[in-house]
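I have placed the structure first, in the form of structure tokens, so that the comments after it can refer back to it.
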Amino acid sequence: MERQDLVIIGAGPGGYVAAIRAGQLGLKTTLVERYPRLGGTCLNVGCIPSKALLESSELFHAAGHRLAEHGVKLDGPTLDLAAMMARKERIVGELTDGVAGLMKRNKVAVLHGRGSLVAQDRVRVEGEGEAQEIEAGHVVLATGSAPVELPFLRIDKRRVVSSTGALSFDAVPEHLVVIGAGAVGLELGSVWRRLGARVTVVEMMPQIVPAADGQMAKTLQRSLKALGLDIRLKTRVTGAEVGEDRVTLTVEDAKGQGESLACDRVLLAVGRRPATEGLGLERVGVETEKGGAVKVDGRLRTSVETIYAIGDLVRGPMLAHKAEEEGIAAVENIAGKAGHVSYDAIPGVVYTSPELAWVGLTEEQCKERGIKPRVGRFLFRANGRAKSLGEEEGMVKILAHPETDRLLGMHIVGPRASDLIPEGVLALEFAASAEDIARTIHAHPTLAEVVKEAALAVDGRAIHG
């Protein structure tokens with residue numbers, strides 16, 4: 001293959017988006033992906049399939065518990081898990097096929113195989129056929145992350161699974177123990193609880209979703225408890241025995257009291273680590289940080305001038321949308337443009353029901369920085385659209401600077417919070433104030449009116465509550 005302007009290793013959201021942008025900028029680009037389908041963890045065994053199952057399980061649960069109040073009466077829903085899984089796979093297939101089509105449209109060459117660095121300007125690709133080396137002006141590393149295991153509890157893909165396995169159970173577990181109360185654990189725990197499993201969530205931290213605002217985490221926890229999740233906070237797993245049909249976990253609470261939990265499935269969701277194995281970083285002098293992340297500067301350039309790294313490989317939250325923005329920024333910097341990522345305005349979302357979404361500072365972070373924010377809150381139960389949907393749980397909470405009124409953070413627990421949080425992201429990007437949001441006309445009746453009311457509440461003048 002002739003010399004390429006750019007070789008990207010990894011075709012997840014960061015890598016394939018970077019490839020598209022490179023094609024738009026006229027760079028001769030090759031995308032290297034070790035798996036048969038493009039899209040990485042997110043499209044194949046993460047973001048997309050989990051959202052498909054969340055939607056399906058919510059509909060199943062609604063059919064059995066909520067439709068009657070709408071005047072829709074059923075004898076009782078019957079679960080066809082195979083059909084639900086087939087729908088999930090169909091969605092994944094359509095999207096990954098779409099990504100492949102985008103590569104062709106943007107004239108990006110795709111090679112399937114394991115990519116590694118053999119020199120600062122050469123990438124080796126080992127696939128089913130003969131290995132080949134590609135000479136490249138620049139390289140972007142985008143190999144993502146892998147699930148973290150516990151020293152005494154390894155993923156066996158049968159009884160102990162990562163999120164990948166929890167997306168493909170062939171039957172509803174009798175008792176699923178989820179270790180870790182972050183987004184992955186709570187989302188997949190919710191799926192299987194709605195489908196009939198007993199679900200216990202074990203979290204060593206004092207709150208679920210540790211990165212979230214404390215008040216909002218407690219609000220979400222109440223909803224998940226009402227769904228039937230047994231959530232054990234300040235509790236750690238200290239041992240495990242994995243048998244043919246059962247797993248017995250030993251857990252210990254904050255007081256040192258131990259307990260045994262027997263279950264038929266364990267979802268290990270304690271975090272992810274940068275997937276750097278086999279990349280050849282040491283061979284070419286790419287430096288890493290404590291914890292394994294690749295060290296990059298503000299332009300996403302590594303310690304080797306021609307090599308860049310993005311997404312889960314580098315510092316910051318491991319989120320698909322962060323990886324996408326970094327992929328675009330890295331390529332634009334390579335092309336001589338001013339690529340940039342606003343790290344203070346990256347939203348976080350937990351796609352439970354209700355959803356949790358946030359951007360900016362939490363109240364706890366404000367306190368740590370010596371800021372006493374002005375706070376506005378408004379409940380969804382006072383909103384007409386939320387009532388008509390039958391989804392009244394949660395609130396919007398807005399934090400504003402005490403002197404300038406500039407938005408510091410927006411936090412939402414409620415229906416479609418993931419679709420509402422971009423207003424907060426945009427406000428942060430443009431350094432808007434709570435007053436700016438409050439004076440913006442929001443269509444009626446919409447869920448977005450709760451955002452407006454929360455902004456009004458910062459100044460004590462909410463209209464409907």
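Ordering of the structure tokens sets the chain letters (A, B, ...); residue numbers start at 1 within each chain; ligands are numbered from 1 in the order shown.
Neighbouring residues of stretch 296-302 of chain A at 10 Å or closer, counting only C-alpha atoms and skipping chain neighbours under 6 positions away, are Val139, Val140, Leu141, Gly285, Val286, Glu287, Thr288, Glu289, Tyr308, Ala309, Ile310, Gly311, Leu313, Val314, Arg315, Glu326, Gly327, Ala329, Ala330, Val331, Glu332, Asn333, Ile334, Ala338, Gly339, His340 and Val341 of chain A.
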What's around stretch 420-435 of chain A at 6 Å? Count only C-alpha atoms, leave out sequence neighbours fewer than 6 positions away in its own chain, and write the answer as a list of chain:residue names.
A:Ala345, A:Asp405, A:Arg406, A:Leu407, A:Met410, A:Ala455
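Counting from atom CA of A:Tyr35, the distance to atom CA of A:Gly348 is 27.6 Å.
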I need the residues in stretch 28-152 of chain A that are alpha helix (DSSP H) according to DSSP; give them as a JSON list (two decimals) with C-alpha atoms, in the first residue's frame.
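Below you can see out.json, which holds the result:
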```json
[["chain", "number", "residue", "atom", "x", "y", "z"],
["A", 40, "GLY", "CA", -16.11, -0.75, 18.21],
["A", 41, "THR", "CA", -17.56, -1.60, 21.61],
["A", 42, "CYS", "CA", -20.16, 1.17, 21.43],
["A", 43, "LEU", "CA", -21.98, 0.06, 18.31],
["A", 44, "ASN", "CA", -21.45, -3.68, 18.67],
["A", 45, "VAL", "CA", -21.56, -4.58, 22.36],
["A", 47, "CYS", "CA", -24.09, 1.87, 23.76],
["A", 48, "ILE", "CA", -26.38, 0.80, 20.93],
["A", 49, "PRO", "CA", -27.38, -2.77, 21.91],
["A", 50, "SER", "CA", -27.89, -1.70, 25.52],
["A", 51, "LYS", "CA", -30.24, 1.09, 24.46],
["A", 52, "ALA", "CA", -32.16, -1.34, 22.26],
["A", 53, "LEU", "CA", -32.68, -3.67, 25.22],
["A", 54, "LEU", "CA", -33.52, -0.78, 27.54],
["A", 55, "GLU", "CA", -36.29, 0.34, 25.18],
["A", 56, "SER", "CA", -37.63, -3.19, 24.70],
["A", 57, "SER", "CA", -37.60, -3.97, 28.42],
["A", 58, "GLU", "CA", -39.32, -0.66, 29.23],
["A", 59, "LEU", "CA", -42.11, -1.49, 26.77],
["A", 60, "PHE", "CA", -42.45, -4.98, 28.28],
["A", 61, "HIS", "CA", -42.66, -3.51, 31.77],
["A", 62, "ALA", "CA", -45.15, -0.86, 30.67],
["A", 63, "ALA", "CA", -47.35, -3.51, 29.09],
["A", 64, "GLY", "CA", -47.55, -5.32, 32.41],
["A", 65, "HIS", "CA", -47.72, -2.36, 34.77],
["A", 81, "LEU", "CA", -36.42, -13.01, 24.61],
["A", 82, "ALA", "CA", -35.10, -14.43, 21.34],
["A", 83, "ALA", "CA", -37.14, -11.90, 19.34],
["A", 84, "MET", "CA", -35.94, -9.09, 21.61],
["A", 85, "MET", "CA", -32.34, -10.12, 21.06],
["A", 86, "ALA", "CA", -32.89, -10.44, 17.31],
["A", 87, "ARG", "CA", -34.21, -6.88, 17.17],
["A", 88, "LYS", "CA", -31.12, -5.69, 19.03],
["A", 89, "GLU", "CA", -28.83, -7.48, 16.57],
["A", 90, "ARG", "CA", -30.73, -6.09, 13.60],
["A", 91, "ILE", "CA", -30.25, -2.53, 14.85],
["A", 92, "VAL", "CA", -26.55, -3.16, 15.45],
["A", 93, "GLY", "CA", -26.16, -4.66, 11.98],
["A", 94, "GLU", "CA", -27.87, -1.75, 10.26],
["A", 95, "LEU", "CA", -25.70, 0.80, 12.03],
["A", 96, "THR", "CA", -22.40, -1.01, 11.52],
["A", 97, "ASP", "CA", -23.25, -1.51, 7.85],
["A", 98, "GLY", "CA", -23.92, 2.22, 7.72],
["A", 99, "VAL", "CA", -20.47, 2.97, 9.13],
["A", 100, "ALA", "CA", -18.90, 0.77, 6.46],
["A", 101, "GLY", "CA", -20.82, 2.73, 3.84],
["A", 102, "LEU", "CA", -19.53, 6.01, 5.28],
["A", 103, "MET", "CA", -15.95, 4.77, 4.90],
["A", 104, "LYS", "CA", -16.50, 4.14, 1.19],
["A", 105, "ARG", "CA", -18.24, 7.49, 0.72]]
```
Per residue of stretch 287-335 of chain A within 9 Å of stretch 260-276 of chain A, what are the shortest atom pair and its distance in Å to one decimal, counting only C-alpha atoms, with rows by chain and residue number, as a tab-separated table?
```
residue	atom	partner	partner_atom	distance
A:Gly291	CA	A:Arg273	CA	7.8
A:Gly292	CA	A:Pro274	CA	6.2
A:Ala293	CA	A:Pro274	CA	5.8
A:Val294	CA	A:Pro274	CA	8.1
A:Asp312	CA	A:Pro274	CA	5.8
A:Leu313	CA	A:Pro274	CA	4.7
A:Val314	CA	A:Pro274	CA	7.5
A:Met318	CA	A:Arg272	CA	8.1
```
Output of the above residues as a compact mmCIF listing (two decimals), in the first residue's frame, restricted to N, CA and C atoms:
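For reference, selection_22.txt as written:
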```txt
# COMPACT_ATOMS: atom_id res chain seq x y z
N GLY A 291 -1.89 4.32 35.64
CA GLY A 291 -3.20 3.78 35.32
C GLY A 291 -3.29 3.28 33.89
N GLY A 292 -2.27 3.60 33.09
CA GLY A 292 -2.22 3.05 31.74
C GLY A 292 -2.70 3.94 30.63
N ALA A 293 -3.26 5.11 30.95
CA ALA A 293 -3.72 6.01 29.89
C ALA A 293 -2.52 6.55 29.11
N VAL A 294 -2.73 6.77 27.82
CA VAL A 294 -1.69 7.34 26.98
C VAL A 294 -1.58 8.83 27.28
N ASP A 312 -11.04 6.45 24.97
CA ASP A 312 -10.80 5.77 26.23
C ASP A 312 -9.32 5.55 26.51
N LEU A 313 -8.47 5.73 25.50
CA LEU A 313 -7.03 5.57 25.70
C LEU A 313 -6.43 6.71 26.51
N VAL A 314 -7.10 7.87 26.53
CA VAL A 314 -6.52 9.05 27.17
C VAL A 314 -7.38 9.46 28.37
N MET A 318 -14.75 7.99 30.05
CA MET A 318 -14.78 7.04 28.93
C MET A 318 -16.17 7.06 28.30
```
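Comparing the minimum interatomic distances between A:Pro13 and each of A:Asp253, A:Arg193, A:Gly115, A:Leu319, counting only C-alpha atoms, we find that A:Leu319 sits nearest.
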Those in stretch 231-296 of chain A with strand (DSSP E) from DSSP, as a PyMOL selection string
chain A and resi 231-232+236-242+247-252+258-263+265-268+272-274
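Atom to atom, atom CA of A:Leu153 and atom CA of A:Arg246 stand 13.5 Å apart.
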Contact residues around A:Gln4 with only C-alpha atoms at 9 Å, ignoring same-chain residues under 3 positions, as number ranges by chain:
A: 1, 7, 27-30, 134-138
Could those residues be written to a file, using N, CA and C atoms, as an mmCIF file, in the first residue's frame?
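Saved as selection_2.cif:
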```
data_model
loop_
_atom_site.group_PDB
_atom_site.id
_atom_site.type_symbol
_atom_site.label_atom_id
_atom_site.label_comp_id
_atom_site.auth_asym_id
_atom_site.auth_seq_id
_atom_site.Cartn_x
_atom_site.Cartn_y
_atom_site.Cartn_z
ATOM 1 N N MET A 1 0.844 -1.197 0.000
ATOM 2 C CA MET A 1 0.000 0.000 0.000
ATOM 3 C C MET A 1 0.882 1.252 0.000
ATOM 4 N N VAL A 7 -3.030 6.942 9.392
ATOM 5 C CA VAL A 7 -3.518 5.598 9.734
ATOM 6 C C VAL A 7 -4.158 5.683 11.108
ATOM 7 N N LEU A 27 -7.406 13.940 3.430
ATOM 8 C CA LEU A 27 -6.248 13.156 3.842
ATOM 9 C C LEU A 27 -6.390 11.718 3.347
ATOM 10 N N LYS A 28 -5.332 11.161 2.808
ATOM 11 C CA LYS A 28 -5.321 9.768 2.368
ATOM 12 C C LYS A 28 -5.252 8.911 3.639
ATOM 13 N N THR A 29 -6.346 8.208 3.921
ATOM 14 C CA THR A 29 -6.526 7.604 5.245
ATOM 15 C C THR A 29 -6.813 6.112 5.174
ATOM 16 N N THR A 30 -6.224 5.363 6.106
ATOM 17 C CA THR A 30 -6.533 3.946 6.292
ATOM 18 C C THR A 30 -7.003 3.732 7.722
ATOM 19 N N ILE A 134 2.237 -0.465 6.835
ATOM 20 C CA ILE A 134 1.787 0.745 6.147
ATOM 21 C C ILE A 134 2.629 1.911 6.630
ATOM 22 N N GLU A 135 3.145 2.670 5.696
ATOM 23 C CA GLU A 135 3.874 3.879 6.048
ATOM 24 C C GLU A 135 2.884 5.023 6.178
ATOM 25 N N ALA A 136 2.997 5.794 7.265
ATOM 26 C CA ALA A 136 2.003 6.840 7.543
ATOM 27 C C ALA A 136 2.675 8.132 7.996
ATOM 28 N N GLY A 137 2.155 9.243 7.501
ATOM 29 C CA GLY A 137 2.629 10.539 7.970
ATOM 30 C C GLY A 137 2.251 10.775 9.415
ATOM 31 N N HIS A 138 1.057 10.360 9.775
ATOM 32 C CA HIS A 138 0.569 10.472 11.147
ATOM 33 C C HIS A 138 -0.230 9.229 11.506
#
```
Do you know which residues are at most 12 Å from A:Leu176 counting only C-alpha atoms, after dropping those on the same chain fewer than 5 positions away, and could you put them as an NGL selection string?
:A and (159-161 or 166 or 169 or 171 or 185-186 or 188-193 or 195-202 or 229-230 or 246-249 or 261-268)
